[in-house]
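Below is final_36.tsv, which holds TSV, C-alpha atoms.
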```tsv
chain	number	residue	atom	x	y	z
A	25	MET	CA	-18.09	48.46	65.72
A	26	THR	CA	-17.97	48.61	61.91
A	27	ALA	CA	-14.77	49.19	59.93
A	28	HIS	CA	-13.39	52.71	59.63
A	29	LEU	CA	-14.57	54.77	56.69
A	30	ASN	CA	-12.24	54.87	53.72
A	31	GLU	CA	-10.99	58.10	52.15
A	32	ASP	CA	-13.58	58.13	49.39
A	33	GLN	CA	-16.38	57.86	51.92
A	34	LEU	CA	-14.88	60.61	54.05
A	35	ILE	CA	-14.36	62.95	51.08
A	36	ALA	CA	-17.89	62.26	49.86
A	37	ALA	CA	-19.26	63.08	53.30
A	38	ALA	CA	-17.11	66.21	53.54
A	39	ASP	CA	-18.34	67.20	50.10
A	40	GLY	CA	-21.91	67.14	51.30
A	41	GLU	CA	-23.08	63.76	50.06
A	42	LEU	CA	-25.53	62.32	52.52
A	43	PRO	CA	-23.99	59.30	54.23
A	44	ASN	CA	-25.99	56.10	54.30
A	45	ASN	CA	-27.22	54.67	57.59
A	46	THR	CA	-24.17	52.51	58.21
A	47	THR	CA	-21.75	55.36	57.52
A	48	SER	CA	-23.77	57.74	59.61
A	49	ALA	CA	-23.92	55.34	62.53
A	50	HIS	CA	-20.20	54.73	62.34
A	51	LEU	CA	-19.43	58.44	62.32
A	52	GLN	CA	-21.50	58.92	65.45
A	53	SER	CA	-19.59	56.26	67.33
A	54	CYS	CA	-16.03	56.69	65.97
A	55	THR	CA	-13.99	59.66	67.16
A	56	GLN	CA	-11.13	58.87	64.79
A	57	CYS	CA	-13.31	59.00	61.68
A	58	ARG	CA	-15.01	62.17	62.89
A	59	GLU	CA	-11.63	63.85	63.26
A	60	GLN	CA	-10.66	62.69	59.78
A	61	LEU	CA	-13.90	64.07	58.43
A	62	VAL	CA	-13.19	67.46	59.99
A	63	GLU	CA	-9.81	67.54	58.24
A	64	TRP	CA	-11.34	66.77	54.84
A	65	GLU	CA	-14.00	69.39	55.43
A	66	ALA	CA	-11.29	71.92	56.30
A	67	THR	CA	-9.41	71.16	53.08
A	68	LEU	CA	-12.49	71.74	50.96
A	69	SER	CA	-13.63	74.68	53.01
A	70	TRP	CA	-10.34	76.50	52.56
A	71	SER	CA	-10.07	75.84	48.86
A	72	LYS	CA	-13.58	77.25	48.39
A	73	GLN	CA	-12.45	80.56	49.83
A	74	LEU	CA	-10.26	81.36	46.84
A	75	PRO	CA	-11.72	84.56	45.43
A	76	PRO	CA	-13.30	84.35	41.98
A	77	ALA	CA	-12.30	86.56	39.09
A	78	LYS	CA	-14.62	89.55	39.01
A	79	LEU	CA	-15.20	91.84	36.06
A	80	ASN	CA	-15.90	95.48	36.68
A	81	PRO	CA	-18.56	97.10	34.46
A	82	LEU	CA	-15.88	98.57	32.19
A	83	GLN	CA	-14.21	95.18	31.64
A	84	SER	CA	-17.58	93.59	31.15
A	85	GLY	CA	-18.63	96.02	28.44
A	86	ALA	CA	-15.21	95.81	26.80
A	87	PHE	CA	-15.40	92.03	26.65
A	88	VAL	CA	-18.79	92.03	24.94
A	89	HIS	CA	-17.44	94.54	22.43
A	90	ARG	CA	-14.30	92.47	21.89
A	91	VAL	CA	-16.24	89.28	21.16
A	92	ARG	CA	-18.62	91.15	18.87
A	93	ARG	CA	-15.71	92.73	16.98
A	94	THR	CA	-13.97	89.37	16.56
A	95	LEU	CA	-17.17	87.78	15.37
A	96	GLU	CA	-17.78	90.47	12.81
A	97	GLY	CA	-14.16	90.30	11.72
A	98	SER	CA	-14.47	86.59	11.07
A	99	ARG	CA	-17.54	87.23	8.95
A	100	THR	CA	-15.90	89.84	6.74
A	101	PRO	CA	-15.49	88.31	3.28
A	102	ALA	CA	-12.04	88.50	1.73
A	103	ARG	CA	-11.92	91.17	-0.90
A	104	GLY	CA	-10.59	90.44	-4.32
A	105	TRP	CA	-7.35	92.35	-3.83
A	106	MET	CA	-6.57	90.89	-0.40
A	107	PRO	CA	-4.81	87.73	-1.63
A	108	ALA	CA	-2.57	89.86	-3.85
A	109	ILE	CA	-1.53	92.08	-0.95
A	110	VAL	CA	-0.91	89.06	1.27
A	111	GLY	CA	1.21	87.51	-1.48
A	112	VAL	CA	3.34	90.64	-1.84
A	113	VAL	CA	3.84	90.89	1.92
A	114	VAL	CA	4.82	87.22	2.16
A	115	LEU	CA	7.27	87.68	-0.72
A	116	ILE	CA	8.90	90.72	0.92
A	117	VAL	CA	9.15	88.93	4.26
A	118	ALA	CA	10.60	85.83	2.60
A	119	ILE	CA	13.25	87.91	0.80
A	120	TRP	CA	14.13	89.70	4.01
A	121	LEU	CA	14.33	86.47	5.97
A	122	HIS	CA	16.47	84.92	3.25
A	123	SER	CA	18.89	87.83	3.53
A	124	GLN	CA	19.08	87.14	7.27
A	125	ASP	CA	20.16	83.58	6.54
A	126	LEU	CA	23.28	84.46	4.63
A	127	PRO	CA	26.35	82.55	5.86
A	128	GLY	CA	27.49	83.83	9.19
A	129	SER	CA	24.37	85.80	9.87
A	130	GLY	CA	22.81	83.11	12.10
A	131	GLY	CA	19.30	84.19	11.13
A	132	ILE	CA	16.02	82.51	11.79
A	133	GLY	CA	14.50	82.88	8.36
A	134	ALA	CA	14.55	79.26	7.31
A	135	SER	CA	12.60	78.15	10.33
A	136	ILE	CA	9.96	80.79	9.92
A	137	VAL	CA	9.58	80.23	6.20
A	138	VAL	CA	9.00	76.54	6.77
A	139	SER	CA	6.31	77.45	9.27
A	140	ALA	CA	4.75	79.98	6.94
A	141	GLU	CA	4.28	77.37	4.26
A	142	VAL	CA	1.89	75.53	6.56
A	143	ALA	CA	3.54	72.23	5.87
A	144	ASP	CA	2.68	69.06	7.70
A	145	PRO	CA	2.92	69.21	11.50
A	146	THR	CA	5.78	66.72	11.73
A	147	SER	CA	8.22	68.81	9.76
A	148	GLN	CA	7.25	71.96	11.60
A	149	ILE	CA	7.64	70.40	15.02
A	150	GLU	CA	10.92	68.90	13.88
A	151	THR	CA	12.07	72.30	12.68
A	152	ALA	CA	11.04	73.87	15.94
A	153	ARG	CA	12.82	71.20	17.91
A	154	GLU	CA	16.04	71.70	16.00
A	155	PHE	CA	15.68	75.39	16.38
A	156	ALA	CA	15.05	75.12	20.11
A	157	GLY	CA	18.39	73.36	20.36
A	158	THR	CA	20.19	76.43	19.16
A	159	ASN	CA	20.67	79.71	20.92
A	160	ASN	CA	18.54	81.54	18.41
A	161	TYR	CA	15.49	81.42	20.62
A	162	ASP	CA	12.70	83.48	19.22
A	163	HIS	CA	9.26	84.31	20.50
A	164	GLU	CA	7.87	84.52	16.98
A	165	LEU	CA	8.73	80.91	16.38
A	166	GLU	CA	7.18	80.01	19.69
A	167	SER	CA	3.94	81.63	18.55
A	168	GLU	CA	4.10	79.78	15.25
A	169	LEU	CA	4.59	76.51	17.04
A	170	ALA	CA	1.89	77.28	19.57
A	171	LEU	CA	-0.60	77.84	16.75
A	172	LEU	CA	0.52	74.67	15.05
A	173	ILE	CA	0.13	72.53	18.16
A	174	ASP	CA	-3.21	74.11	18.90
A	175	ASP	CA	-4.51	73.33	15.42
A	176	TYR	CA	-3.04	69.90	15.59
A	177	LEU	CA	-4.58	69.06	18.93
A	178	ILE	CA	-7.96	70.35	17.91
A	179	ALA	CA	-7.86	68.66	14.54
A	180	SER	CA	-6.61	65.36	15.87
A	181	ALA	CA	-6.94	64.59	19.54
A	182	SER	CA	-5.89	60.99	19.13
A	183	GLU	CA	-3.08	60.08	21.49
A	184	ASP	CA	-1.53	57.68	19.00
A	185	GLU	CA	-1.38	60.31	16.30
A	186	LEU	CA	0.11	62.87	18.62
A	187	LEU	CA	2.74	60.46	19.87
A	188	GLY	CA	3.38	59.42	16.28
A	189	GLU	CA	4.08	63.00	15.30
A	190	LEU	CA	6.37	63.38	18.25
A	191	GLU	CA	8.30	60.22	17.51
A	192	TRP	CA	11.57	62.00	18.03
A	193	VAL	CA	11.05	61.94	21.78
A	194	SER	CA	11.25	58.75	23.77
A	195	ALA	CA	8.01	57.01	24.64
A	196	THR	CA	8.52	57.81	28.31
A	197	GLN	CA	9.00	61.48	27.60
A	198	ALA	CA	6.05	61.55	25.25
A	199	TYR	CA	3.77	59.95	27.80
A	200	ALA	CA	4.98	62.41	30.38
A	201	MET	CA	3.52	65.14	28.20
A	202	LEU	CA	0.07	63.66	28.46
A	203	ASP	CA	-1.88	63.31	31.64
A	204	PRO	CA	-3.35	59.92	32.36
A	205	GLU	CA	-6.76	61.50	32.79
A	206	ASP	CA	-6.54	63.02	29.33
A	207	ARG	CA	-5.90	59.78	27.56
A	208	GLN	CA	-9.07	58.58	25.93
B	7	MET	CA	-36.37	83.05	25.44
B	8	LEU	CA	-32.66	83.52	24.82
B	9	LEU	CA	-32.11	80.20	23.08
B	10	ALA	CA	-34.96	80.78	20.64
B	11	ARG	CA	-33.63	84.26	19.82
B	12	LEU	CA	-30.15	82.84	19.30
B	13	LYS	CA	-31.43	80.14	16.99
B	14	ALA	CA	-33.38	82.76	15.08
B	15	GLY	CA	-30.06	84.50	14.41
B	16	GLU	CA	-30.87	87.65	16.33
B	17	ASP	CA	-27.60	89.55	16.77
B	18	ARG	CA	-28.59	91.23	20.01
B	19	ALA	CA	-29.35	87.82	21.47
B	20	PHE	CA	-25.72	86.87	21.08
B	21	ASP	CA	-24.62	90.01	22.93
B	22	ASP	CA	-27.10	89.12	25.67
B	23	LEU	CA	-25.64	85.62	25.85
B	24	VAL	CA	-22.12	87.00	26.27
B	25	ARG	CA	-23.30	89.54	28.83
B	26	GLU	CA	-25.13	86.93	30.86
B	27	TYR	CA	-22.44	84.27	30.94
B	28	GLN	CA	-19.15	86.12	30.51
B	29	GLU	CA	-18.32	86.37	34.19
B	30	ARG	CA	-18.97	82.69	34.86
B	31	ILE	CA	-17.07	81.50	31.81
B	32	ILE	CA	-14.12	83.85	32.37
B	33	GLY	CA	-14.07	82.91	36.05
B	34	PHE	CA	-14.14	79.22	35.21
B	35	ALA	CA	-11.40	79.60	32.60
B	36	HIS	CA	-9.36	81.73	34.97
B	37	ARG	CA	-9.36	79.04	37.61
B	38	LEU	CA	-8.29	76.54	34.98
B	39	VAL	CA	-5.59	78.40	33.07
B	40	GLY	CA	-4.45	80.71	35.85
B	41	ASP	CA	-3.92	83.81	33.77
B	42	PHE	CA	-6.59	86.44	33.28
B	43	ASP	CA	-5.67	87.34	29.70
B	44	ASP	CA	-5.57	83.68	28.70
B	45	ALA	CA	-8.90	83.20	30.44
B	46	CYS	CA	-10.40	86.02	28.36
B	47	ASP	CA	-9.03	84.40	25.20
B	48	VAL	CA	-10.56	81.06	26.20
B	49	ALA	CA	-13.88	82.75	26.95
B	50	GLN	CA	-13.84	84.63	23.66
B	51	GLU	CA	-13.19	81.44	21.70
B	52	THR	CA	-15.96	79.76	23.68
B	53	PHE	CA	-18.53	82.35	22.67
B	54	ILE	CA	-17.37	82.44	19.05
B	55	LYS	CA	-17.65	78.66	18.80
B	56	ALA	CA	-21.03	78.77	20.51
B	57	HIS	CA	-22.21	81.31	17.95
B	58	GLN	CA	-21.00	79.13	15.10
B	59	ALA	CA	-22.58	75.98	16.51
B	60	ILE	CA	-25.81	77.30	17.99
B	61	GLY	CA	-27.75	75.84	15.07
B	62	ASN	CA	-26.63	72.37	16.10
B	63	PHE	CA	-27.49	72.84	19.75
B	64	ARG	CA	-30.45	70.56	20.29
B	65	GLY	CA	-31.41	71.82	23.67
B	66	ASP	CA	-31.00	68.46	25.37
B	67	ALA	CA	-28.46	70.12	27.67
B	68	VAL	CA	-28.79	73.34	29.59
B	69	LEU	CA	-27.28	76.27	27.73
B	70	TYR	CA	-24.69	77.06	30.38
B	71	THR	CA	-23.61	73.41	30.57
B	72	TRP	CA	-23.05	73.49	26.84
B	73	LEU	CA	-20.98	76.67	27.17
B	74	TYR	CA	-18.95	75.09	29.95
B	75	ARG	CA	-18.27	72.09	27.74
B	76	ILE	CA	-16.85	74.33	25.02
B	77	ALA	CA	-14.86	76.35	27.57
B	78	HIS	CA	-13.54	73.17	29.17
B	79	ASN	CA	-12.29	71.92	25.80
B	80	GLN	CA	-10.70	75.24	24.95
B	81	ALA	CA	-8.96	75.48	28.32
B	82	ILE	CA	-7.72	71.89	28.21
B	83	SER	CA	-6.35	72.53	24.73
B	84	LEU	CA	-4.49	75.60	26.01
B	85	LEU	CA	-3.09	73.71	28.99
B	86	ARG	CA	-1.90	70.85	26.78
B	87	ARG	CA	-0.31	73.28	24.39
B	88	ARG	CA	1.46	74.99	27.26
B	89	LYS	CA	2.70	71.67	28.51
B	90	ILE	CA	4.06	70.67	25.12
B	91	LEU	CA	5.72	74.06	24.66
B	92	SER	CA	7.23	73.74	28.08
B	93	PHE	CA	8.42	70.26	27.21
B	94	LEU	CA	10.01	71.55	24.03
B	95	ARG	CA	11.64	74.26	26.15
B	96	LEU	CA	10.26	76.93	23.91
B	97	ASP	CA	9.03	78.92	26.86
B	98	ILE	CA	12.36	79.23	28.57
B	99	GLY	CA	12.04	81.21	31.72
B	100	ALA	CA	8.28	81.27	31.59
B	101	GLU	CA	6.51	79.47	34.38
B	102	GLU	CA	2.92	78.40	34.13
B	103	PRO	CA	0.99	81.19	35.76
B	104	SER	CA	-0.48	80.40	39.11
B	105	LEU	CA	-4.11	81.04	39.77
B	106	VAL	CA	-4.30	84.70	40.44
B	107	ALA	CA	-6.01	85.93	43.54
B	108	PRO	CA	-6.51	89.59	44.21
B	109	GLU	CA	-4.98	90.84	47.43
B	110	ARG	CA	-7.46	90.25	50.21
B	111	THR	CA	-7.75	93.26	52.38
B	112	ASP	CA	-9.76	91.41	55.00
B	113	ALA	CA	-7.25	88.65	55.55
B	114	GLY	CA	-3.95	88.40	57.30
B	115	VAL	CA	-0.59	87.40	55.91
B	116	GLU	CA	-1.02	83.81	57.06
B	117	CYS	CA	-4.33	83.55	55.25
B	118	ARG	CA	-2.75	84.96	52.11
B	119	GLU	CA	0.02	82.37	52.32
B	120	VAL	CA	-2.43	79.52	52.63
B	121	THR	CA	-4.39	80.94	49.71
B	122	ILE	CA	-1.25	80.88	47.58
B	123	LEU	CA	-0.50	77.32	48.67
B	124	ILE	CA	-3.97	76.21	47.67
B	125	GLN	CA	-3.68	78.02	44.36
B	126	ARG	CA	-0.43	76.26	43.60
B	127	ALA	CA	-1.81	72.89	44.61
B	128	ILE	CA	-4.78	73.34	42.27
B	129	ALA	CA	-2.51	74.57	39.46
B	130	ASP	CA	-0.42	71.42	39.86
B	131	LEU	CA	-3.38	69.14	39.19
B	132	PRO	CA	-3.54	67.54	35.73
B	133	PRO	CA	-5.79	69.62	33.43
B	134	ARG	CA	-8.77	67.30	33.37
B	135	GLN	CA	-8.67	66.72	37.12
B	136	ARG	CA	-8.30	70.43	37.69
B	137	SER	CA	-11.32	71.11	35.55
B	138	ILE	CA	-13.41	68.56	37.45
B	139	PHE	CA	-12.29	69.99	40.78
B	140	VAL	CA	-13.05	73.56	39.72
B	141	MET	CA	-16.51	72.68	38.41
B	142	ARG	CA	-17.40	70.76	41.56
B	143	ASN	CA	-15.79	72.91	44.19
B	144	PHE	CA	-16.18	76.40	42.79
B	145	GLU	CA	-19.07	76.15	40.36
B	146	GLY	CA	-21.07	73.83	42.61
B	147	MET	CA	-21.98	71.45	39.78
B	148	SER	CA	-23.21	67.94	40.39
B	149	HIS	CA	-21.14	64.95	39.33
B	150	GLY	CA	-23.75	64.30	36.63
B	151	GLU	CA	-23.46	67.79	35.19
B	152	ILE	CA	-19.68	67.57	35.16
B	153	ALA	CA	-19.82	64.15	33.53
B	154	ALA	CA	-21.94	65.61	30.73
B	155	ILE	CA	-19.46	68.44	30.25
B	156	VAL	CA	-16.27	66.41	30.19
B	157	GLY	CA	-17.88	63.49	28.35
B	158	SER	CA	-17.31	60.93	31.02
B	159	SER	CA	-19.25	58.78	33.48
B	160	ASP	CA	-20.42	59.88	36.93
B	161	GLY	CA	-18.09	57.32	38.49
B	162	ALA	CA	-15.06	58.57	36.59
B	163	VAL	CA	-15.84	62.14	37.59
B	164	ARG	CA	-16.22	61.17	41.26
B	165	ALA	CA	-12.93	59.29	41.14
B	166	GLY	CA	-11.20	62.25	39.48
B	167	TYR	CA	-12.62	64.61	42.07
B	168	PHE	CA	-11.54	62.41	44.97
B	169	HIS	CA	-8.03	62.19	43.51
B	170	ALA	CA	-7.88	65.96	43.24
B	171	VAL	CA	-9.02	66.48	46.83
B	172	ARG	CA	-6.45	63.96	48.06
B	173	LYS	CA	-3.67	65.74	46.21
B	174	LEU	CA	-4.82	69.06	47.57
B	175	ARG	CA	-4.82	67.81	51.12
B	176	LYS	CA	-1.43	66.20	50.65
B	177	ALA	CA	-0.01	69.45	49.29
B	178	LEU	CA	-1.39	71.39	52.22
B	179	HIS	CA	-0.06	68.86	54.71
B	180	ALA	CA	3.36	68.90	53.06
B	181	THR	CA	3.72	72.58	53.78
B	182	GLY	CA	3.22	71.96	57.48
B	183	GLN	CA	2.10	75.54	57.76
B	184	PHE	CA	-1.27	75.06	59.25
B	185	ASP	CA	-3.31	72.80	61.41
B	186	GLU	CA	-6.47	71.92	59.52
B	187	ARG	CA	-8.49	71.54	62.67
B	188	ALA	CA	-7.54	75.01	63.76
B	189	LEU	CA	-8.47	76.35	60.32
B	190	LYS	CA	-11.76	74.57	60.51
B	191	SER	CA	-12.61	76.24	63.76
B	192	GLU	CA	-11.66	79.61	62.23
B	193	SER	CA	-13.78	79.19	59.11
```

With the file now loaded, output its structure as structure tokens.
Amino acid sequence: MTAHLNEDQLIAAADGELPNNTTSAHLQSCTQCREQLVEWEATLSWSKQLPPAKLNPLQSGAFVHRVRRTLEGSRTPARGWMPAIVGVVVLIVAIWLHSQDLPGSGGIGASIVVSAEVADPTSQIETAREFAGTNNYDHELESELALLIDDYLIASASEDELLGELEWVSATQAYAMLDPEDRQ
Amino acid sequence: MLLARLKAGEDRAFDDLVREYQERIIGFAHRLVGDFDDACDVAQETFIKAHQAIGNFRGDAVLYTWLYRIAHNQAISLLRRRKILSFLRLDIGAEEPSLVAPERTDAGVECREVTILIQRAIADLPPRQRSIFVMRNFEGMSHGEIAAIVGSSDGAVRAGYFHAVRKLRKALHATGQFDERALKSES
């Protein structure tokens, strides 16, 4: 009698890969391996029964429209007066945020303004980290940071760079943030 | 030919592309990120990026494989971002959404419980492993197709898939809520 099949062989067989002659012969003669195979098949069989996301016709049409609208929005050239309006809005927001930061007010303006300047990722993450340590938790800042991390990850997927930017956490903690499979 | 129309810059061709693949891409993203709205965002970004890059698509891969590659990257990016935000404790009180399954009217309570257990087990897989598992188990892709999408070797994909299945089985065993052999005979 040949040796029992290992887990990889059993999973492969359960997954539908055709076993070679030796594996096949062993399965025919070994009750233990056959029982194991049934268990692996059951695991896969049950996970396959999870229902897929289905779009109804309304959702389907709305999604096409949404993508089209976004695409056309991204094509729209900036008009000449747009930067001026943006500048005025930013100025007003900055003044308002500054007023929120007056002594004793406990405002969040400084953090947001730093983010709005689109500075380097390190300072923004650092700011966010300090801010997270306070009780002034704010969803707006979370969104700012989410965008920053997204841009950062897309722009630079290097593990070393990411860990470098997050040097304020311990190496163990930093590695815990990355999955082994994701490390290139 | 859809690809030729896309490359020619025909606007309606892009709408046709979205119409044809939206359900698959949203479904794939949904199984990866676990939240329907996030899945729609991932799918939208996928199609926008595809539109921007269609001129560079050389046709040496199948169109849907190419779309899956973009969607995979978008979803992994979202999952990483979520993980970092969670690590920074900026999403206090917010748990990573589990894979959502509509209420099954044709199944009993026990079945629903097992479904939730499986959903959680899949959601607990590392992003890349989860993506491999979803593509293989739900999308029915070959190891070769998945390898092309995630930019890895066949062997690495097989290993990742086997790891995922092991973890899934372990999670199901840990619950002690069902006898796999009994389930097998039911299915």

Contact residues around region 136-139 of chain B with all atoms listed in the file at 8 Å, ignoring same-chain residues under 2 positions, as JSON, numbers by chain: {"B": [38, 78, 128, 129, 131, 132, 133, 134, 141, 142, 143, 144, 152, 163, 166, 167, 170, 171]}

- prompt: Got a sec: who's within 12 Å of Trp72 (chain B), counting all atoms listed in the file, leaving out chain neighbours fewer than 2 positions off, as a PyMOL selection string?
  reply: chain B and resi 9+27+31+52-53+55-57+59-60+62-70+74-79+151-157

- prompt: What is the distance, in Å and to one decimal place, between CA of Ala37 (chain A) and CA of Ala66 (chain A)?
  reply: 12.3 Å

query: For the atom pair CA of Leu82 (chain A) and CA of Val39 (chain B), what is the interatomic distance in Å to one decimal place?
result: 22.7 Å

field: For Gln52 (chain A): contacts at 12 Å, all atoms listed in the file, fewer than 5 positions along chain excluded, given as a PyMOL selection string
entry: chain A and resi 25-26+28-29+43+45-47+57-59+61

statement: Counting all atoms listed in the file, the residue among A:Leu79, A:Val88, A:Leu74, A:Glu63 that lies closest to Arg118 (chain B) is A:Leu74

task: Could you jot down the CA of Gln125 (chain B) to CA of Phe87 (chain A) separation for me, Å, one decimal place?
output: 25.4 Å

query: Which is closest to Ile124 (chain B) among B:Val24, B:Arg175, B:Thr71, B:Phe34, if we use all atoms listed in the file?
result: B:Arg175

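Taking all atoms listed in the file into account, Cys46 (chain B) lies nearest to B:Ile32 out of the set B:Ile32, B:Ala19, B:Leu178, B:Ile90.
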
message: With only C-alpha atoms as the counted atoms, please give the residues lying no more than 10 Å from Asp44 (chain B), apart from itself and same-chain residues fewer than 6 positions off, as a count of residues only.
response: 8

- prompt: Residues around (-17.0, 89.0, 20.9), cut-off 9 Å, counting only C-alpha atoms - what are they as a PyMOL selection string?
  reply: (chain A and resi 87-96) or (chain B and resi 20-21+24+50-51+53-54)
